[in-house]
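**Q** This one is my_file24.pdb, PDB, C-alpha atoms.
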ATOM      1  CA  MET A   8       0.000   0.000   0.000
ATOM      2  CA  THR A   9       1.139   3.534  -0.698
ATOM      3  CA  ASP A  10       1.192   6.054   2.138
ATOM      4  CA  SER A  11      -1.936   7.642   0.665
ATOM      5  CA  GLN A  12      -3.751   4.310   0.605
ATOM      6  CA  LYS A  13      -2.670   3.515   4.172
ATOM      7  CA  LYS A  14      -3.913   6.913   5.340
ATOM      8  CA  ALA A  15      -7.238   6.504   3.555
ATOM      9  CA  TYR A  16      -7.687   3.007   4.938
ATOM     10  CA  ALA A  17      -7.044   4.156   8.491
ATOM     11  CA  GLU A  18      -9.275   7.227   8.267
ATOM     12  CA  TYR A  19     -12.141   6.204   6.019
ATOM     13  CA  ALA A  20     -12.622   2.459   6.423
ATOM     14  CA  PRO A  21     -14.793   2.861   9.547
ATOM     15  CA  ARG A  22     -17.087   5.155   7.541
ATOM     16  CA  TRP A  23     -17.434   3.278   4.256
ATOM     17  CA  CYS A  24     -16.513  -0.364   4.944
ATOM     18  CA  ILE A  25     -19.051  -2.916   6.123
ATOM     19  CA  PRO A  26     -17.364  -5.365   8.517
ATOM     20  CA  TYR A  27     -17.759  -8.993   7.559
ATOM     21  CA  SER A  28     -20.175 -10.904   9.754
ATOM     22  CA  ALA A  29     -22.196 -14.064   9.297
ATOM     23  CA  GLN A  30     -25.548 -12.290   9.266
ATOM     24  CA  MET A  31     -27.658 -10.739   6.546
ATOM     25  CA  VAL A  32     -27.171  -7.067   5.709
ATOM     26  CA  SER A  33     -30.080  -4.624   5.542
ATOM     27  CA  PHE A  34     -29.356  -2.433   2.522
ATOM     28  CA  ALA A  35     -31.894   0.120   3.700
ATOM     29  CA  GLU A  36     -30.019   0.501   6.991
ATOM     30  CA  VAL A  37     -26.591   0.630   5.332
ATOM     31  CA  PHE A  38     -27.483   3.218   2.678
ATOM     32  CA  GLY A  39     -30.435   4.954   4.300
ATOM     33  CA  ASN A  40     -32.633   4.434   1.241
ATOM     34  CA  ASP A  41     -34.333   1.758  -0.860
ATOM     35  CA  ASN A  42     -32.397   2.347  -4.085
ATOM     36  CA  PRO A  43     -31.321  -0.646  -6.201
ATOM     37  CA  VAL A  44     -28.083  -2.344  -5.127
ATOM     38  CA  ILE A  45     -25.353  -3.616  -7.450
ATOM     39  CA  ILE A  46     -22.375  -5.644  -6.221
ATOM     40  CA  GLU A  47     -18.989  -5.496  -7.918
ATOM     41  CA  ILE A  48     -16.810  -8.510  -7.204
ATOM     42  CA  GLY A  49     -13.080  -7.812  -7.249
ATOM     43  CA  PHE A  50     -12.973  -4.093  -8.002
ATOM     44  CA  GLY A  51      -9.178  -3.895  -8.181
ATOM     45  CA  MET A  52      -8.150  -0.291  -7.585
ATOM     46  CA  GLY A  53     -11.766   0.856  -7.737
ATOM     47  CA  VAL A  54     -11.456   3.762 -10.183
ATOM     48  CA  ALA A  55     -14.093   2.374 -12.559
ATOM     49  CA  THR A  56     -16.280   1.567  -9.554
ATOM     50  CA  ALA A  57     -16.149   5.176  -8.390
ATOM     51  CA  GLU A  58     -16.821   6.556 -11.869
ATOM     52  CA  ILE A  59     -19.868   4.338 -12.377
ATOM     53  CA  ALA A  60     -21.227   5.263  -8.940
ATOM     54  CA  ALA A  61     -20.692   8.963  -9.651
ATOM     55  CA  GLN A  62     -22.657   8.617 -12.893
ATOM     56  CA  ASN A  63     -25.529   6.816 -11.126
ATOM     57  CA  PRO A  64     -26.275   8.478  -7.775
ATOM     58  CA  SER A  65     -29.687   6.781  -7.549
ATOM     59  CA  ILE A  66     -28.068   3.324  -7.488
ATOM     60  CA  ASN A  67     -26.172   1.882  -4.521
ATOM     61  CA  TYR A  68     -22.955  -0.083  -5.025
ATOM     62  CA  ILE A  69     -21.144  -2.586  -2.838
ATOM     63  CA  GLY A  70     -17.588  -3.443  -3.824
ATOM     64  CA  ILE A  71     -16.070  -6.696  -2.579
ATOM     65  CA  GLU A  72     -12.272  -6.894  -2.573
ATOM     66  CA  VAL A  73      -9.615  -8.700  -0.520
ATOM     67  CA  PHE A  74      -6.591  -6.535  -1.336
ATOM     68  CA  GLN A  75      -6.126  -3.604   1.019
ATOM     69  CA  ALA A  76      -4.292  -1.466  -1.529
ATOM     70  CA  GLY A  77      -7.399  -1.462  -3.729
ATOM     71  CA  VAL A  78      -9.645  -0.819  -0.745
ATOM     72  CA  GLY A  79      -7.481   2.145   0.254
ATOM     73  CA  LYS A  80      -7.545   3.526  -3.276
ATOM     74  CA  LEU A  81     -11.326   3.278  -3.547
ATOM     75  CA  LEU A  82     -11.747   4.869  -0.123
ATOM     76  CA  ASN A  83      -9.768   7.845  -1.410
ATOM     77  CA  GLU A  84     -11.986   8.015  -4.488
ATOM     78  CA  ILE A  85     -15.133   7.926  -2.353
ATOM     79  CA  GLU A  86     -13.937  10.804  -0.197
ATOM     80  CA  HIS A  87     -12.544  12.986  -2.975
ATOM     81  CA  ARG A  88     -15.648  12.553  -5.142
ATOM     82  CA  ASN A  89     -18.052  12.942  -2.185
ATOM     83  CA  LEU A  90     -19.787   9.666  -3.026
ATOM     84  CA  CYS A  91     -22.428   8.403  -0.638
ATOM     85  CA  ASN A  92     -23.628   5.419  -2.666
ATOM     86  CA  ILE A  93     -20.649   3.047  -2.274
ATOM     87  CA  ARG A  94     -19.802   0.647   0.520
ATOM     88  CA  ILE A  95     -16.930  -1.866   0.670
ATOM     89  CA  ILE A  96     -16.710  -5.347   2.115
ATOM     90  CA  GLU A  97     -13.136  -6.581   2.510
ATOM     91  CA  HIS A  98     -13.606 -10.337   2.480
ATOM     92  CA  ASP A  99     -13.931 -13.394   0.257
ATOM     93  CA  ALA A 100     -16.814 -12.757  -2.149
ATOM     94  CA  ILE A 101     -18.373 -16.217  -1.980
ATOM     95  CA  GLU A 102     -18.542 -16.139   1.820
ATOM     96  CA  VAL A 103     -20.043 -12.652   1.684
ATOM     97  CA  LEU A 104     -22.727 -13.788  -0.748
ATOM     98  CA  GLU A 105     -23.506 -16.904   1.257
ATOM     99  CA  THR A 106     -23.805 -15.236   4.658
ATOM    100  CA  MET A 107     -24.469 -11.493   4.201
ATOM    101  CA  ILE A 108     -26.496 -10.915   1.029
ATOM    102  CA  PRO A 109     -30.218 -11.764   1.053
ATOM    103  CA  ASP A 110     -31.629 -13.874  -1.767
ATOM    104  CA  SER A 111     -33.373 -12.021  -4.626
ATOM    105  CA  SER A 112     -32.055  -8.681  -3.358
ATOM    106  CA  LEU A 113     -29.633  -7.417  -6.024
ATOM    107  CA  ALA A 114     -30.249  -5.425  -9.177
ATOM    108  CA  GLY A 115     -26.990  -6.630 -10.680
ATOM    109  CA  PHE A 116     -23.427  -7.920 -10.518
ATOM    110  CA  HIS A 117     -20.384  -6.293 -12.105
ATOM    111  CA  ILE A 118     -17.435  -8.626 -12.628
ATOM    112  CA  PHE A 119     -14.644  -6.864 -14.485
ATOM    113  CA  PHE A 120     -11.533  -8.811 -15.513
ATOM    114  CA  PRO A 121     -11.713 -11.657 -12.979
ATOM    115  CA  ASP A 122      -8.705 -13.929 -12.560
ATOM    116  CA  PRO A 123      -8.841 -16.302 -15.563
ATOM    117  CA  TRP A 124      -6.890 -19.076 -13.827
ATOM    118  CA  GLN A 125      -5.234 -19.843 -17.141
ATOM    119  CA  LYS A 126      -3.990 -23.382 -16.510
ATOM    120  CA  LYS A 127      -6.628 -26.000 -17.270
ATOM    121  CA  LYS A 128      -6.161 -27.715 -13.897
ATOM    122  CA  HIS A 129      -7.072 -24.404 -12.219
ATOM    123  CA  HIS A 130     -10.222 -23.686 -14.252
ATOM    124  CA  LYS A 131     -12.344 -25.011 -11.390
ATOM    125  CA  ARG A 132     -11.218 -21.992  -9.342
ATOM    126  CA  ARG A 133     -12.802 -19.524 -11.736
ATOM    127  CA  LEU A 134     -15.527 -17.365 -10.241
ATOM    128  CA  ILE A 135     -17.860 -17.882 -13.173
ATOM    129  CA  ARG A 136     -18.217 -21.618 -12.775
ATOM    130  CA  ARG A 137     -21.088 -23.677 -11.459
ATOM    131  CA  PRO A 138     -22.131 -24.021  -8.679
ATOM    132  CA  ARG A 139     -20.897 -20.482  -7.974
ATOM    133  CA  THR A 140     -23.060 -19.170 -10.818
ATOM    134  CA  ASP A 141     -26.086 -20.730  -9.106
ATOM    135  CA  LEU A 142     -25.263 -18.737  -5.974
ATOM    136  CA  LEU A 143     -24.918 -15.505  -7.962
ATOM    137  CA  THR A 144     -28.247 -16.114  -9.668
ATOM    138  CA  LYS A 145     -29.988 -16.779  -6.355
ATOM    139  CA  LYS A 146     -28.953 -13.335  -5.103
ATOM    140  CA  LEU A 147     -30.370 -11.489  -8.135
ATOM    141  CA  GLN A 148     -33.850 -10.053  -8.284
ATOM    142  CA  ALA A 149     -36.053 -11.124 -11.181
ATOM    143  CA  GLY A 150     -34.776  -9.054 -14.092
ATOM    144  CA  GLY A 151     -31.433  -8.455 -12.366
ATOM    145  CA  TYR A 152     -28.306  -8.756 -14.505
ATOM    146  CA  LEU A 153     -24.806 -10.180 -14.395
ATOM    147  CA  TYR A 154     -22.271  -8.231 -16.446
ATOM    148  CA  MET A 155     -18.801  -9.722 -16.951
ATOM    149  CA  VAL A 156     -15.840  -8.392 -18.917
ATOM    150  CA  THR A 157     -12.616 -10.303 -19.599
ATOM    151  CA  ASP A 158      -9.537  -9.983 -21.781
ATOM    152  CA  TRP A 159      -9.080 -13.768 -21.798
ATOM    153  CA  TYR A 160     -11.192 -15.078 -24.677
ATOM    154  CA  GLU A 161     -11.125 -18.720 -23.620
ATOM    155  CA  TYR A 162     -12.512 -17.685 -20.232
ATOM    156  CA  ALA A 163     -15.251 -15.708 -21.975
ATOM    157  CA  GLU A 164     -16.282 -18.806 -23.926
ATOM    158  CA  ASP A 165     -16.179 -20.954 -20.796
ATOM    159  CA  ALA A 166     -18.124 -18.399 -18.750
ATOM    160  CA  PHE A 167     -20.774 -18.061 -21.449
ATOM    161  CA  ALA A 168     -21.294 -21.824 -21.407
ATOM    162  CA  GLU A 169     -21.426 -21.978 -17.600
ATOM    163  CA  LEU A 170     -23.886 -19.076 -17.344
ATOM    164  CA  SER A 171     -26.036 -20.494 -20.142
ATOM    165  CA  ALA A 172     -26.251 -23.771 -18.218
ATOM    166  CA  THR A 173     -27.279 -21.998 -14.999
ATOM    167  CA  GLU A 174     -30.966 -22.394 -14.217
ATOM    168  CA  GLY A 175     -32.802 -19.079 -14.070
ATOM    169  CA  LEU A 176     -30.343 -17.148 -16.243
ATOM    170  CA  CYS A 177     -30.529 -16.201 -19.894
ATOM    171  CA  SER A 178     -28.208 -14.189 -22.110
ATOM    172  CA  CYS A 179     -29.422 -10.733 -23.085
ATOM    173  CA  TYR A 180     -27.866 -11.310 -26.519
ATOM    174  CA  GLU A 181     -27.523 -14.259 -28.873
ATOM    175  CA  GLY A 182     -23.832 -14.371 -28.117
ATOM    176  CA  PHE A 183     -21.388 -12.053 -26.406
ATOM    177  CA  ALA A 184     -22.640  -8.594 -25.487
ATOM    178  CA  PRO A 185     -21.659  -5.490 -27.436
ATOM    179  CA  PRO A 186     -19.376  -3.065 -25.569
ATOM    180  CA  GLN A 187     -21.291  -1.204 -22.883
ATOM    181  CA  THR A 188     -20.379   2.436 -23.399
ATOM    182  CA  TRP A 189     -21.149   3.411 -19.801
ATOM    183  CA  ARG A 190     -18.333   1.228 -18.438
ATOM    184  CA  PRO A 191     -15.082   3.216 -18.007
ATOM    185  CA  LYS A 192     -11.896   1.749 -19.427
ATOM    186  CA  THR A 193      -9.420   0.710 -16.740
ATOM    187  CA  LYS A 194      -5.631   0.604 -16.658
ATOM    188  CA  PHE A 195      -5.839  -3.178 -16.444
ATOM    189  CA  GLU A 196      -7.979  -3.229 -19.582
ATOM    190  CA  GLN A 197      -5.497  -1.003 -21.409
ATOM    191  CA  LYS A 198      -2.683  -3.378 -20.496
ATOM    192  CA  GLY A 199      -4.653  -6.194 -22.085
ATOM    193  CA  LEU A 200      -5.253  -4.134 -25.201
ATOM    194  CA  ASN A 201      -1.551  -3.323 -25.373
ATOM    195  CA  LYS A 202      -0.914  -7.073 -25.482
ATOM    196  CA  ALA A 203      -3.489  -7.434 -28.282
ATOM    197  CA  HIS A 204      -5.911  -9.240 -25.981
ATOM    198  CA  ARG A 205      -9.526  -9.274 -27.123
ATOM    199  CA  ILE A 206     -11.956  -7.612 -24.716
ATOM    200  CA  THR A 207     -15.122  -9.698 -24.452
ATOM    201  CA  GLU A 208     -18.313  -8.778 -22.599
ATOM    202  CA  LEU A 209     -21.150 -10.974 -21.334
ATOM    203  CA  MET A 210     -24.577  -9.827 -20.155
ATOM    204  CA  PHE A 211     -27.004 -12.261 -18.560
ATOM    205  CA  GLN A 212     -30.301 -11.639 -16.818
ATOM    206  CA  ARG A 213     -32.311 -13.516 -14.219
ATOM    207  CA  LYS A 214     -35.579 -14.626 -15.719
ATOM    208  CA  GLU A 215     -38.788 -13.030 -14.475
TER     209      GLU A 215
END
Please, can you express the file's structure as structure tokens?
**A**
Amino acid sequence: MTDSQKKAYAEYAPRWCIPYSAQMVSFAEVFGNDNPVIIEIGFGMGVATAEIAAQNPSINYIGIEVFQAGVGKLLNEIEHRNLCNIRIIEHDAIEVLETMIPDSSLAGFHIFFPDPWQKKKHHKRRLIRRPRTDLLTKKLQAGGYLYMVTDWYEYAEDAFAELSATEGLCSCYEGFAPPQTWRPKTKFEQKGLNKAHRITELMFQRKE
């Protein structure tokens, strides 16, 4: 962590971080309103997270991340942009979903550039794999969406197949989704582009 990230973590975490606990969260109590809630899993350094939240003040966002440097960076963004619609949970995402997030409560998931676990023997660790996709679907409201972006094309193909096989989900498009113009480009994405990696987007929705 940089000194700035350490300072932000120490000062702002009590204000904007939700401590992990094995009990369901009340979004209305956390945010003080009944606005839709979107969870971003693995927000990295959180710049895109902050930009999306700034563009959509009537939507609440929860970012889940395990790396403190990214948490510190996003905390700085929250403070400097005066954002009131972001909270952070610093813990393993699957445990958070299992124990803290009520079923049928989310308007959407954002999953930007998840670890592709490139070796075939590690594919089972991928986030977008059943039965984890069943858990994600269970947390979505009817009509809620799951939006994934990756620069690893083989993972995109695998994820599309896994999501298509998940009961209750359907793709919003016949194949991969077109680029969503509202999503900011990240430094990580630019690195992938610099390596000539193909950026692929997936958009699935929970059936009504």
**Q** Can you list what the PyMOL selection byres ((chain A and resi 118-127) around 6) grabs from this structure, as an MDAnalysis selection string?
**A** chainID A and resid 47:48 117 128:130 155:157
**Q** Written as number ranges by chain, what is the full residue list that the PyMOL selection byres ((chain A and resi 58-72) around 6) yields on the file shown?
**A** A: 42-49, 55-57, 73-74, 92-97
**Q** Can you measure atom CA of Glu105 of chain A to atom CA of Trp23 of chain A for me? One decimal in Å is fine.
**A** 21.3 Å
**Q** Translate the PyMOL selection byres ((chain A and resi 176) around 12), as applied to the file shown, into an explicit residue set as a PyMOL selection string.
**A** chain A and resi 140-153+167-175+177-179+210-215
**Q** Tell me which protein, DNA and RNA residues are within 12 Å of Tyr160 of chain A, counting all atoms listed in the file, leaving out same-chain ones fewer than 4 positions away, and put them as a ChimeraX atom specification.
**A** /A:120,123,125,156,164-167,183,199,203-209
**Q** Leaving out Tyr27 of chain A and any residue of its chain fewer than 3 positions from it, which residues lie within 10 Å of it when counting all atoms listed in the file, given as a VMD selection string?
**A** chain A and resid 24 30 32 95 to 99 102 to 103 106 to 107
**Q** Taking all atoms listed in the file into account, name the residue in A:Ser112, A:Asn83, A:Ser11, A:Asn89 that is nearest to Ser33 of chain A.
**A**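 Using all atoms listed in the file, Ser33 of chain A sits closest to A:Ser112.
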